[in-house]
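Only one structure is covered here, and it is reproduced in the block below.
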Amino acid sequence: MIVSWRVVLLLLLCVEAAALAVLETMFLPLRFDGTLLPRLGDWPFPITIVVAAVTMPLLVSWAASLSERVFTAALPLIVWFLTLMVFGYFEPGYAAGSPVLLLQDWRGLFLLAGGALTGAVAVGAVMARNAANRPGLYDTAGIQ
């Protein structure tokens, strides 16, 4: 059975989305506390929120270039979201009654919003591009 190169690339994009979700969740608790980053007043350093906001539209647009179907474009976003929920909220690293991976403060919410909202906007752009390229399929209703 011959597998199309588009399917292989889509699977690689989904693996990349899952790996990004895991890495973004793992590095979300970074702080300037002298452990990994220099000591600068114990401020949080949520750079992974920016990484999620930048990479999700890229993954969606790359997936959209493989096929005209909206589901194909949305698949990296769906994989990222499900991985974030499983790895972050169900917390396989849960220790001693306190959240370890996806923090229960503004950083966890911003990570979810940064990736999901920018990815959803990119999926909406794919839907609009599809509607513009096929005008007969998306006529408005109610105008007689």
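Lettering and numbering for the structure tokens are positional, with chains as A, B, ... in the shown order, residues counted from 1 in each chain, and ligands counted from 1 in the shown order.
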
Next item on the list: Do a neighbour search on range 72-82 of chain A at 12 Å with only C-alpha atoms, toss out local chain neighbours closer than 6 positions, and write the hits as number ranges by chain.
Entry: A: 6-7, 9-25, 52-53, 55-66, 88-90, 111-127, 129-130

Notebook entry, point to check: Could you write out, as a VMD selection string, all the residues of range 6-130 of chain A that DSSP marks as alpha helix (DSSP H)?
Noted result: chain A and resid 6 to 26 47 to 64 70 to 84 106 to 130

Next item on the list: Quick one: pull the distance between CA of Pro44 in chain A and CA of Leu109 in chain A, Å, one decimal.
Entry: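 Going from CA of Pro44 in chain A over to CA of Leu109 in chain A, I get 14.3 Å.
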
Next item on the list: Calculate how many Å separate CA of Ile47 in chain A from CA of Gly108 in chain A, rounding to one decimal.
Entry: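 Between CA of Ile47 in chain A and CA of Gly108 in chain A the gap is 12.0 Å.
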
Next item on the list: Tell me, in Å to one decimal, how far CA of Val86 in chain A is from CA of Leu30 in chain A.
Entry: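 Rounded to one decimal, the two atoms are 20.4 Å apart.
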